[in-house]
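Shown next: input_23.tsv, containing TSV, C-alpha atoms.
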chain	number	residue	atom	x	y	z
A	1	MET	CA	0.00	0.00	0.00
A	2	GLU	CA	1.36	3.41	-0.98
A	3	PHE	CA	1.17	6.50	1.25
A	4	ASP	CA	2.37	9.11	-1.27
A	5	SER	CA	0.13	11.98	-0.11
A	6	ILE	CA	0.46	11.36	3.59
A	7	ASP	CA	3.81	12.94	4.41
A	8	CYS	CA	4.71	14.14	7.88
A	9	MET	CA	7.81	16.25	7.43
A	10	THR	CA	10.35	17.58	9.84
A	11	SER	CA	10.49	21.33	10.32
A	12	SER	CA	13.28	21.40	7.71
A	13	ASP	CA	11.19	19.26	5.28
A	14	VAL	CA	14.11	16.82	4.85
A	15	ILE	CA	13.74	13.01	5.20
A	16	ASP	CA	16.69	10.69	5.78
A	17	ASP	CA	16.57	7.14	4.48
A	18	ASP	CA	16.65	5.83	8.04
A	19	ASP	CA	13.66	7.97	8.95
A	20	GLU	CA	11.53	7.17	5.91
A	21	ILE	CA	9.87	4.17	7.51
A	22	HIS	CA	8.71	6.36	10.39
A	23	HIS	CA	7.03	8.81	8.06
A	24	HIS	CA	5.26	5.99	6.22
A	25	ASN	CA	3.91	4.76	9.55
A	26	GLN	CA	2.52	8.13	10.67
A	27	LEU	CA	-1.11	8.44	11.69
A	28	SER	CA	-0.99	4.71	12.35
A	29	SER	CA	-4.27	4.63	14.21
A	30	LEU	CA	-6.03	6.28	11.27
A	31	LEU	CA	-4.37	4.15	8.59
A	32	LYS	CA	-5.08	0.80	10.28
A	33	ALA	CA	-8.78	1.53	10.08
A	34	HIS	CA	-8.44	1.86	6.29
A	35	SER	CA	-5.66	-0.64	5.50
A	36	ASN	CA	-7.70	-2.29	2.76
A	37	ASN	CA	-8.67	0.84	0.84
A	38	GLY	CA	-5.80	0.78	-1.65
A	39	SER	CA	-4.39	4.34	-1.58
A	40	SER	CA	-3.64	7.26	0.66
A	41	ASN	CA	-6.17	9.39	-1.22
A	42	SER	CA	-8.99	7.12	-0.15
A	43	ILE	CA	-7.72	7.27	3.43
A	44	VAL	CA	-7.83	11.05	3.51
A	45	ALA	CA	-11.21	11.12	1.74
A	46	SER	CA	-12.63	8.65	4.23
A	47	ALA	CA	-11.36	10.73	7.12
A	48	VAL	CA	-13.01	13.86	5.72
A	49	GLN	CA	-16.31	12.06	5.18
A	50	SER	CA	-16.41	10.60	8.70
A	51	SER	CA	-18.69	12.07	11.30
A	52	THR	CA	-17.90	15.39	12.93
A	53	THR	CA	-17.41	13.64	16.23
A	54	SER	CA	-14.81	11.21	14.82
A	55	VAL	CA	-12.88	14.00	13.10
A	56	HIS	CA	-12.94	16.05	16.24
A	57	GLU	CA	-11.43	13.13	18.11
A	58	LEU	CA	-8.59	12.94	15.58
A	59	LEU	CA	-7.91	16.66	15.99
A	60	GLU	CA	-8.14	16.65	19.77
A	61	CYS	CA	-4.86	17.00	21.64
A	62	PRO	CA	-4.49	14.10	24.10
A	63	VAL	CA	-2.84	16.37	26.67
A	64	CYS	CA	-5.01	19.52	26.85
A	65	THR	CA	-8.02	18.06	24.93
A	66	ASN	CA	-8.26	21.27	22.88
A	67	SER	CA	-8.51	21.26	19.08
A	68	MET	CA	-5.10	21.15	17.40
A	69	TYR	CA	-3.99	23.82	14.92
A	70	PRO	CA	-0.81	23.96	12.83
A	71	PRO	CA	1.82	23.05	13.56
A	72	ILE	CA	0.48	19.65	14.65
A	73	HIS	CA	3.31	17.48	15.97
A	74	GLN	CA	3.66	13.71	16.16
A	75	CYS	CA	6.11	11.12	17.41
A	76	HIS	CA	7.67	8.35	15.29
A	77	ASN	CA	4.80	6.05	16.25
A	78	GLY	CA	2.15	8.41	14.91
A	79	HIS	CA	0.81	9.86	18.17
A	80	THR	CA	-0.12	13.53	17.72
A	81	LEU	CA	-0.30	16.55	20.03
A	82	CYS	CA	-0.52	20.33	19.76
A	83	SER	CA	2.45	22.69	19.64
A	84	THR	CA	1.59	24.23	23.01
A	85	CYS	CA	1.71	20.88	24.79
A	86	LYS	CA	4.90	19.79	23.00
A	87	THR	CA	6.93	22.07	25.25
A	88	ARG	CA	4.97	21.03	28.33
A	89	VAL	CA	5.83	17.34	27.94
A	90	HIS	CA	9.57	18.08	27.54
A	91	ASN	CA	9.66	16.72	23.98
A	92	ARG	CA	8.45	13.26	25.04
A	93	CYS	CA	5.35	11.65	23.57
A	94	PRO	CA	2.76	11.43	26.36
A	95	THR	CA	1.40	8.18	24.88
A	96	CYS	CA	4.48	6.04	24.17
A	97	ARG	CA	7.19	8.14	25.85
A	98	GLN	CA	9.27	8.25	22.67
A	99	GLU	CA	11.18	11.39	21.77
A	100	LEU	CA	9.05	13.71	19.64
A	101	GLY	CA	11.64	15.46	17.52
A	102	ASP	CA	10.36	18.02	15.00
A	103	ILE	CA	7.98	15.88	12.95
A	104	ARG	CA	4.88	17.66	11.67
A	105	CYS	CA	1.78	15.73	10.63
A	106	LEU	CA	0.98	17.54	7.40
A	107	ALA	CA	-1.69	15.02	6.44
A	108	LEU	CA	-3.79	15.75	9.51
A	109	GLU	CA	-3.31	19.48	8.97
A	110	LYS	CA	-4.65	19.09	5.42
A	111	VAL	CA	-7.59	17.02	6.63
A	112	ALA	CA	-8.44	19.80	9.09
A	113	GLU	CA	-8.17	22.41	6.33
A	114	SER	CA	-10.93	20.68	4.35
A	115	LEU	CA	-13.43	20.62	7.21
A	116	GLU	CA	-16.34	22.91	8.03
A	117	LEU	CA	-17.52	22.66	11.62
A	118	PRO	CA	-20.22	24.39	13.70
A	119	CYS	CA	-19.23	26.92	16.34
A	120	LYS	CA	-18.65	25.26	19.69
A	121	TYR	CA	-21.31	27.56	21.16
A	122	THR	CA	-24.04	25.97	19.03
A	123	SER	CA	-25.79	24.75	22.18
A	124	LEU	CA	-25.95	28.39	23.37
A	125	GLY	CA	-27.63	29.55	20.15
A	126	CYS	CA	-24.88	30.25	17.60
A	127	PRO	CA	-25.98	28.98	14.16
A	128	GLU	CA	-22.68	29.62	12.34
A	129	ILE	CA	-20.52	27.04	10.51
A	130	PHE	CA	-16.90	27.84	9.69
A	131	PRO	CA	-13.85	26.31	8.01
A	132	TYR	CA	-11.76	24.61	10.67
A	133	TYR	CA	-9.02	27.24	10.66
A	134	SER	CA	-11.49	30.16	10.84
A	135	LYS	CA	-13.53	28.61	13.61
A	136	LEU	CA	-11.12	29.47	16.42
A	137	LYS	CA	-11.05	33.17	15.50
A	138	HIS	CA	-14.84	33.33	15.41
A	139	GLU	CA	-15.24	31.55	18.74
A	140	ALA	CA	-12.97	34.09	20.45
A	141	LEU	CA	-15.47	36.82	19.48
A	142	CYS	CA	-18.73	34.88	19.21
A	143	ASN	CA	-21.66	36.80	20.66
A	144	PHE	CA	-23.00	33.56	22.11
A	145	ARG	CA	-19.85	32.72	24.07
A	146	PRO	CA	-20.38	32.59	27.83
A	147	TYR	CA	-19.61	35.57	30.04
A	148	SER	CA	-17.09	35.60	32.88
A	149	CYS	CA	-18.28	36.31	36.40
A	150	PRO	CA	-18.12	40.12	36.95
A	151	TYR	CA	-17.36	39.83	40.67
A	152	ALA	CA	-14.24	41.88	41.43
A	153	GLY	CA	-13.54	40.86	45.00
A	154	SER	CA	-11.76	37.66	43.96
A	155	GLU	CA	-10.54	35.90	40.85
A	156	CYS	CA	-13.73	33.96	40.15
A	157	ALA	CA	-13.42	31.50	37.25
A	158	VAL	CA	-17.17	30.86	36.82
A	159	VAL	CA	-18.56	31.44	33.32
A	160	GLY	CA	-22.07	31.19	31.92
A	161	GLY	CA	-25.07	33.02	30.54
A	162	ILE	CA	-26.47	36.16	32.15
A	163	PRO	CA	-29.34	34.48	34.11
A	164	PHE	CA	-26.87	31.91	35.46
A	165	LEU	CA	-24.36	34.61	36.50
A	166	VAL	CA	-27.07	36.70	38.19
A	167	ALA	CA	-28.04	33.69	40.32
A	168	HIS	CA	-24.36	32.95	40.96
A	169	LEU	CA	-23.70	36.54	42.15
A	170	ARG	CA	-26.73	36.44	44.43
A	171	ASP	CA	-26.28	32.97	45.90
A	172	ASP	CA	-22.50	32.47	45.93
A	173	HIS	CA	-21.05	35.98	46.26
A	174	LYS	CA	-23.99	37.37	48.28
A	175	VAL	CA	-23.91	40.68	46.41
A	176	ASP	CA	-26.48	43.43	47.01
A	177	MET	CA	-29.36	43.12	44.55
A	178	HIS	CA	-31.62	46.08	43.79
A	179	SER	CA	-34.45	46.88	41.38
A	180	GLY	CA	-34.82	50.31	39.86
A	181	CYS	CA	-32.88	52.76	37.71
A	182	THR	CA	-31.80	55.21	40.44
A	183	PHE	CA	-29.54	54.53	43.37
A	184	ASN	CA	-28.08	56.15	46.47
A	185	HIS	CA	-25.14	54.35	48.06
A	186	ARG	CA	-22.90	55.22	50.95
A	187	TYR	CA	-19.31	54.00	51.13
A	188	VAL	CA	-17.57	54.12	54.50
A	189	LYS	CA	-13.99	53.30	55.44
A	190	SER	CA	-12.17	54.01	58.68
A	191	ASN	CA	-8.50	55.01	58.50
A	192	PRO	CA	-8.66	55.52	54.71
A	193	ARG	CA	-5.08	56.84	54.57
A	194	GLU	CA	-3.81	53.43	55.62
A	195	VAL	CA	-5.51	51.65	52.74
A	196	GLU	CA	-4.05	51.98	49.24
A	197	ASN	CA	-6.09	49.25	47.51
A	198	ALA	CA	-9.58	48.15	48.45
A	199	THR	CA	-12.70	46.81	46.72
A	200	TRP	CA	-16.19	47.34	48.09
A	201	MET	CA	-19.01	44.85	47.68
A	202	LEU	CA	-20.45	44.71	44.18
A	203	THR	CA	-24.01	45.99	43.73
A	204	VAL	CA	-26.29	44.64	40.99
A	205	PHE	CA	-29.26	46.62	39.62
A	206	HIS	CA	-32.20	45.26	37.64
A	207	CYS	CA	-33.32	48.03	35.31
A	208	TYR	CA	-35.14	48.03	31.92
A	209	GLY	CA	-35.14	44.23	32.10
A	210	GLN	CA	-31.32	44.21	32.14
A	211	TYR	CA	-28.67	43.87	34.86
A	212	PHE	CA	-25.97	46.41	35.73
A	213	CYS	CA	-22.99	46.11	38.13
A	214	LEU	CA	-21.86	49.08	40.22
A	215	HIS	CA	-18.19	48.95	41.23
A	216	PHE	CA	-16.38	51.09	43.81
A	217	GLU	CA	-12.75	50.74	44.83
A	218	ALA	CA	-9.56	52.45	45.95
A	219	PHE	CA	-6.25	52.18	44.08
A	220	GLN	CA	-3.13	54.13	43.14
A	221	LEU	CA	-3.32	56.27	40.01
A	222	GLY	CA	0.34	56.96	39.45
A	223	MET	CA	1.46	58.27	42.82
A	224	ALA	CA	-1.97	59.60	43.78
A	225	PRO	CA	-4.44	57.54	45.86
A	226	VAL	CA	-7.91	57.70	44.30
A	227	TYR	CA	-11.38	56.21	44.53
A	228	MET	CA	-13.30	55.17	41.43
A	229	ALA	CA	-16.91	54.24	40.75
A	230	PHE	CA	-18.12	52.82	37.44
A	231	LEU	CA	-20.95	50.79	35.95
A	232	ARG	CA	-20.78	47.63	33.84
A	233	PHE	CA	-23.57	46.16	31.73
A	234	MET	CA	-24.32	42.43	31.93
A	235	GLY	CA	-24.54	41.86	28.18
A	236	ASP	CA	-22.51	42.51	25.05
A	237	GLU	CA	-20.94	45.74	23.84
A	238	VAL	CA	-23.65	46.52	21.27
A	239	GLU	CA	-26.44	46.28	23.83
A	240	ALA	CA	-24.45	48.35	26.34
A	241	ARG	CA	-24.47	51.33	23.95
A	242	ASN	CA	-28.24	51.56	24.31
A	243	TYR	CA	-27.85	52.83	27.88
A	244	SER	CA	-26.24	55.73	29.71
A	245	TYR	CA	-25.67	56.46	33.37
A	246	SER	CA	-24.65	59.27	35.67
A	247	LEU	CA	-22.80	59.24	39.01
A	248	GLU	CA	-22.76	62.15	41.44
A	249	VAL	CA	-20.78	62.68	44.63
A	250	GLY	CA	-20.42	65.78	46.75
A	251	GLY	CA	-20.37	67.51	50.10
A	252	ASN	CA	-19.60	70.84	51.75
A	253	GLY	CA	-21.25	72.67	48.87
A	254	ARG	CA	-19.14	70.95	46.19
A	255	LYS	CA	-20.14	68.33	43.64
A	256	LEU	CA	-18.61	66.03	41.00
A	257	ILE	CA	-20.75	64.51	38.24
A	258	TRP	CA	-19.86	61.78	35.74
A	259	GLU	CA	-21.90	60.71	32.73
A	260	GLY	CA	-21.03	57.88	30.39
A	261	THR	CA	-21.98	54.61	28.75
A	262	PRO	CA	-21.69	51.43	30.83
A	263	ARG	CA	-18.99	49.04	29.71
A	264	SER	CA	-19.90	45.45	28.89
A	265	ILE	CA	-18.74	42.72	31.26
A	266	ARG	CA	-16.92	41.37	28.20
A	267	ASP	CA	-14.32	43.92	29.33
A	268	SER	CA	-12.76	42.74	32.56
A	269	HIS	CA	-13.15	44.76	35.72
A	270	ARG	CA	-9.42	45.53	35.69
A	271	LYS	CA	-9.49	46.66	32.05
A	272	VAL	CA	-12.28	49.15	32.76
A	273	ARG	CA	-10.56	50.41	35.92
A	274	ASP	CA	-7.19	50.84	34.21
A	275	SER	CA	-8.83	52.77	31.36
A	276	HIS	CA	-10.15	55.26	33.97
A	277	ASP	CA	-13.61	55.04	32.41
A	278	GLY	CA	-15.65	56.17	35.40
A	279	LEU	CA	-16.00	58.68	38.23
A	280	ILE	CA	-12.53	59.22	39.75
A	281	ILE	CA	-12.20	61.06	43.07
A	282	GLN	CA	-8.83	61.97	44.55
A	283	ARG	CA	-8.54	60.87	48.15
A	284	ASN	CA	-8.12	64.39	49.52
A	285	MET	CA	-11.26	65.48	47.67
A	286	ALA	CA	-13.13	62.39	48.90
A	287	LEU	CA	-12.19	63.19	52.50
A	288	PHE	CA	-13.26	66.81	51.96
A	289	PHE	CA	-16.65	65.53	50.76
A	290	SER	CA	-16.80	63.28	53.83
A	291	GLY	CA	-16.65	66.27	56.18
A	292	GLY	CA	-15.65	66.11	59.84
A	293	ASP	CA	-12.00	65.73	60.70
A	294	ARG	CA	-11.27	63.94	57.40
A	295	LYS	CA	-10.12	60.80	59.20
A	296	GLU	CA	-12.97	58.62	57.95
A	297	LEU	CA	-14.29	58.10	54.46
A	298	LYS	CA	-18.03	58.75	54.21
A	299	LEU	CA	-18.98	59.11	50.56
A	300	ARG	CA	-22.54	59.14	49.28
A	301	ILE	CA	-22.79	58.34	45.57
A	302	THR	CA	-26.08	58.82	43.78
A	303	GLY	CA	-26.82	57.92	40.20
A	304	ARG	CA	-29.32	56.87	37.62
A	305	ILE	CA	-29.48	54.71	34.49
A	306	TRP	CA	-31.48	55.63	31.42
A	307	LYS	CA	-32.11	54.17	28.00
A	308	GLU	CA	-30.99	56.14	24.97
A	309	GLN	CA	-33.54	56.94	22.26
A	310	GLN	CA	-33.18	54.51	19.36
A	311	ASN	CA	-33.98	57.28	16.82
A	312	PRO	CA	-31.92	60.43	17.43
A	313	GLU	CA	-34.13	62.47	15.09
A	314	ALA	CA	-36.62	64.67	16.94
A	315	LYS	CA	-40.23	64.78	15.80
A	316	PHE	CA	-43.06	67.11	16.75
A	317	ALA	CA	-46.33	68.49	15.40
A	318	VAL	CA	-47.63	72.01	15.83
A	319	ALA	CA	-51.35	72.83	15.47
A	320	GLY	CA	-52.11	75.50	12.92
A	321	GLU	CA	-54.03	78.59	13.91
A	322	GLU	CA	-54.45	80.20	10.48
A	323	PRO	CA	-57.76	79.62	8.64
A	324	GLY	CA	-57.26	77.17	5.82
A	325	PHE	CA	-54.01	75.95	7.33
A	326	MET	CA	-53.83	72.15	7.52
A	327	SER	CA	-54.52	70.54	10.88
A	328	GLY	CA	-50.82	70.63	11.70
A	329	ILE	CA	-47.33	70.63	10.37
A	330	ARG	CA	-46.92	66.88	10.45
A	331	GLY	CA	-43.76	64.83	10.58
A	332	VAL	CA	-41.26	67.66	10.75
A	333	ILE	CA	-37.86	66.03	11.33
A	334	LEU	CA	-35.07	68.12	12.72
A	335	HIS	CA	-31.60	67.42	11.35
A	336	PRO	CA	-28.99	69.75	12.88
A	337	GLY	CA	-26.94	71.20	10.06
A	338	LYS	CA	-29.50	70.55	7.29
A	339	LYS	CA	-31.15	73.45	5.53
A	340	GLU	CA	-34.55	71.93	4.85
A	341	ALA	CA	-37.09	69.93	6.79
A	342	GLU	CA	-37.83	66.42	5.49
A	343	TYR	CA	-40.68	63.95	5.67
A	344	THR	CA	-40.57	60.21	6.14
A	345	PRO	CA	-42.22	58.15	3.33
A	346	LEU	CA	-45.18	57.36	5.61
A	347	GLU	CA	-45.66	61.01	6.52
A	348	LYS	CA	-45.45	62.04	2.86
A	349	ASP	CA	-48.30	59.64	2.13
A	350	GLU	CA	-50.36	61.20	4.91
A	351	VAL	CA	-49.81	64.69	3.54
A	352	VAL	CA	-50.72	63.60	-0.01
A	353	GLN	CA	-53.86	61.84	1.21
A	354	ALA	CA	-54.91	64.90	3.20
A	355	THR	CA	-54.47	67.07	0.12
A	356	VAL	CA	-56.52	64.70	-2.05
A	357	GLU	CA	-59.30	64.24	0.49
A	358	LEU	CA	-59.80	67.97	1.09
A	359	PRO	CA	-59.88	69.63	-2.34
A	360	GLY	CA	-62.40	72.21	-1.19
A	361	VAL	CA	-60.34	73.34	1.73
A	362	LEU	CA	-57.12	73.66	-0.22
A	363	SER	CA	-58.50	74.86	-3.57
A	364	HIS	CA	-55.80	77.54	-3.62
A	365	ARG	CA	-52.57	78.22	-1.81
A	366	PRO	CA	-53.41	80.11	1.40
A	367	LYS	CA	-51.70	83.42	1.97
A	368	LEU	CA	-49.75	82.97	5.16
A	369	ASP	CA	-47.41	85.17	7.07
A	370	LYS	CA	-44.36	82.91	7.10
A	371	GLN	CA	-42.71	84.87	9.86
A	372	GLU	CA	-45.76	84.47	12.08
A	373	VAL	CA	-45.89	80.73	11.43
A	374	MET	CA	-42.18	80.48	12.22
A	375	ASN	CA	-42.69	82.38	15.47
A	376	ASN	CA	-45.51	80.03	16.48
A	377	ILE	CA	-43.34	76.99	15.86
A	378	LEU	CA	-40.41	78.41	17.77
A	379	LYS	CA	-42.66	79.43	20.63
A	380	GLU	CA	-43.93	75.85	20.99
A	381	LYS	CA	-40.42	74.42	20.97
A	382	ALA	CA	-38.56	77.17	22.82
A	383	ALA	CA	-37.83	74.92	25.80
A	384	THR	CA	-35.95	72.32	23.77
A	385	ASP	CA	-35.10	73.63	20.28
A	386	LYS	CA	-32.72	76.46	19.41
A	387	LEU	CA	-32.72	75.83	15.64
A	388	ALA	CA	-34.28	78.11	13.02
A	389	LEU	CA	-36.50	75.71	11.13
A	390	PRO	CA	-37.45	76.25	7.46
A	391	VAL	CA	-40.87	74.74	6.80
A	392	ARG	CA	-42.43	73.59	3.52
A	393	PHE	CA	-45.84	74.88	2.66
A	394	PHE	CA	-48.30	73.24	0.35

Render the structure in this file as structure tokens.
Amino acid sequence: MEFDSIDCMTSSDVIDDDDEIHHHNQLSSLLKAHSNNGSSNSIVASAVQSSTTSVHELLECPVCTNSMYPPIHQCHNGHTLCSTCKTRVHNRCPTCRQELGDIRCLALEKVAESLELPCKYTSLGCPEIFPYYSKLKHEALCNFRPYSCPYAGSECAVVGGIPFLVAHLRDDHKVDMHSGCTFNHRYVKSNPREVENATWMLTVFHCYGQYFCLHFEAFQLGMAPVYMAFLRFMGDEVEARNYSYSLEVGGNGRKLIWEGTPRSIRDSHRKVRDSHDGLIIQRNMALFFSGGDRKELKLRITGRIWKEQQNPEAKFAVAGEEPGFMSGIRGVILHPGKKEAEYTPLEKDEVVQATVELPGVLSHRPKLDKQEVMNNILKEKAATDKLALPVRFF
């Protein structure tokens, strides 16, 4: 039986005569199963056509059990393992204890290249199928991948979906759970000058059907001791952008206010803290807010969470007061920087229908004082709009 297309080469792609027999015996466990098929091409084809489970087993590293990616290494007896584990086993095959050398299993790498496999998060809802070598990159960013526990008080290794993590935070970490979109928290610490790094208990809020984590801690920012409060969203980055929050702290007639977008728990607690994306209070200022003799930290932080409008375009309607004027200026859309008002397709249809249905009312163009109409519009919107709005007349 010939094995012409199944070549496992050394890193230098050179084969000595003494080593040739070892290369012809590579992937022995795979070849034995197909010893009667007649050629190496049929062996590779059979491997590709086998079930996803069987192929996955072939590509599973026996040491770490992760999927293997090039370079895939093997010993002279055909036992394979990944490049990461090759250094961990001190160049000895974990199966037969033979020296590994620098033999690459090119045949198995080519088999893997021909495969298309579902994302490993299929059970969590991901419907995608990828070529084997693209799959790993997708899985690192897959929106269905589990989240890490957001608890900052310890290095918690728990991962899972949001409902699971909420129950985990409540039952295992005993965090404070609150409902509502406003909050008022007090943080107290005796002898604050003796503490350079500290993390207060995480607080979780249920708001708009979502969960948010409020963090507060002390750390060194350069040489300056500071306190920092920030909010994280229990969901992905895209969803997080739908919300905003504010934090406010003050005392003795002074006040600091922070407004921002909550970061997703995809970003680790440390990453958010080190990016300074939150309300930062220098320790001297925090003690000034605390009042008294400044020997005890007593900070009260208030805040709120709100949902951003999905459509940033403002819409309003103003009733007409002029005889013959249509029932209102409908569907005016304000675009800062644009010179003319526009109508959505639906609103255009409404205006056309109104014109067709009322021929007697609008038999001629009414004579209107444009300046007076403009003044009426601006009067109605004076509290919120500062734009001069050109309006189309029919």

Selection: 9 Å around range 231-248 of chain A, only C-alpha atoms, excl. self and same-chain fewer than 6 positions, as a PyMOL selection string: chain A and resi 143+147+150+162+166+210-215+255-267+269+272+278-279+300-310

Non-local contacts of Leu59 in chain A (10 Å; only C-alpha atoms; under 4 positions in same chain excluded) as a PyMOL selection string: chain A and resi 53-55+65-69+72+80-82+108-109+111-112

Now that the selection is made, can you save its residues with C-alpha atoms as a PDB file, in the coordinates of the input?
ATOM      1  CA  THR A  53     -17.410  13.640  16.230  1.00  0.00           C
ATOM      2  CA  SER A  54     -14.810  11.210  14.820  1.00  0.00           C
ATOM      3  CA  VAL A  55     -12.880  14.000  13.100  1.00  0.00           C
ATOM      4  CA  THR A  65      -8.020  18.060  24.930  1.00  0.00           C
ATOM      5  CA  ASN A  66      -8.260  21.270  22.880  1.00  0.00           C
ATOM      6  CA  SER A  67      -8.510  21.260  19.080  1.00  0.00           C
ATOM      7  CA  MET A  68      -5.100  21.150  17.400  1.00  0.00           C
ATOM      8  CA  TYR A  69      -3.990  23.820  14.920  1.00  0.00           C
ATOM      9  CA  ILE A  72       0.480  19.650  14.650  1.00  0.00           C
ATOM     10  CA  THR A  80      -0.120  13.530  17.720  1.00  0.00           C
ATOM     11  CA  LEU A  81      -0.300  16.550  20.030  1.00  0.00           C
ATOM     12  CA  CYS A  82      -0.520  20.330  19.760  1.00  0.00           C
ATOM     13  CA  LEU A 108      -3.790  15.750   9.510  1.00  0.00           C
ATOM     14  CA  GLU A 109      -3.310  19.480   8.970  1.00  0.00           C
ATOM     15  CA  VAL A 111      -7.590  17.020   6.630  1.00  0.00           C
ATOM     16  CA  ALA A 112      -8.440  19.800   9.090  1.00  0.00           C
TER      17      ALA A 112
END

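Take CA of Cys149 in chain A and CA of Pro163 in chain A: the distance between them is 11.4 Å.
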
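In this comparison, which uses all atoms listed in the file, the residue of A:Cys75, A:Cys181, A:Leu221, A:Val226 approaching Tyr208 in chain A most closely is A:Cys181.
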
Quick one: residues within 10 Å of range 84-101 of chain A, only C-alpha atoms, excluding same-chain residues fewer than 5 positions away - as a PyMOL selection string? chain A and resi 10-11+61-64+68-69+71-79

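With all atoms listed in the file as the basis for measurement, A:Glu217 is the residue among A:Leu141, A:Leu136, A:Leu378, A:Glu217 that approaches Lys189 in chain A most closely.
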
Measuring between all atoms listed in the file, which one of A:Ser290, A:Asn252, A:Gln282, A:Ser179 shows the shortest distance to Ala229 in chain A? A:Gln282

Around all the atoms of range 70-83 of chain A listed in the file, with 4 Å of room on each side, what axis-aligned box do you get, giving centre and edge lengths in Å to one decimal, as AutoDock Vina command-line options?
--center_x 3.4 --center_y 15.0 --center_z 16.4 --size_x 16.5 --size_y 25.9 --size_z 15.2

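Nearest to Gly160 in chain A of all the residues A:Lys110, A:Arg145, A:His206, A:His173 is A:Arg145, counting all atoms listed in the file.
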
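The two atoms in question, CA of Leu287 in chain A and CA of Trp200 in chain A, are spaced 16.9 Å apart.
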
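In this model, the gap between CA of Cys207 in chain A and CA of Ser148 in chain A comes to 20.6 Å.
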
Reconstructed all heavy atoms for range 83-87 of chain A, given as a CSV table (one decimal), in the frame of the given file:
chain,number,residue,atom,x,y,z
A,83,SER,N,1.1,22.0,19.4
A,83,SER,CA,2.4,22.7,19.6
A,83,SER,C,2.6,23.2,21.0
A,83,SER,O,3.7,23.3,21.6
A,83,SER,CB,2.6,23.8,18.6
A,83,SER,OG,1.6,24.7,18.7
A,84,THR,N,1.5,23.7,21.6
A,84,THR,CA,1.6,24.2,23.0
A,84,THR,C,2.0,23.1,24.0
A,84,THR,O,2.9,23.4,24.9
A,84,THR,CB,0.2,24.8,23.4
A,84,THR,OG1,-0.1,25.9,22.5
A,84,THR,CG2,0.3,25.4,24.8
A,85,CYS,N,1.4,22.0,23.8
A,85,CYS,CA,1.7,20.9,24.8
A,85,CYS,C,3.1,20.2,24.5
A,85,CYS,O,3.6,19.5,25.4
A,85,CYS,CB,0.6,19.8,24.8
A,85,CYS,SG,-1.0,20.4,25.4
A,86,LYS,N,3.6,20.4,23.3
A,86,LYS,CA,4.9,19.8,23.0
A,86,LYS,C,6.0,20.3,24.0
A,86,LYS,O,6.8,19.5,24.4
A,86,LYS,CB,5.3,20.1,21.6
A,86,LYS,CG,6.6,19.5,21.1
A,86,LYS,CD,6.8,19.8,19.6
A,86,LYS,CE,8.1,19.2,19.1
A,86,LYS,NZ,9.3,19.8,19.6
A,87,THR,N,5.9,21.5,24.3
A,87,THR,CA,6.9,22.1,25.2
A,87,THR,C,6.6,21.6,26.7
A,87,THR,O,7.5,21.5,27.5
A,87,THR,CB,7.0,23.6,25.2
A,87,THR,OG1,5.7,24.1,25.5
A,87,THR,CG2,7.4,24.1,23.8
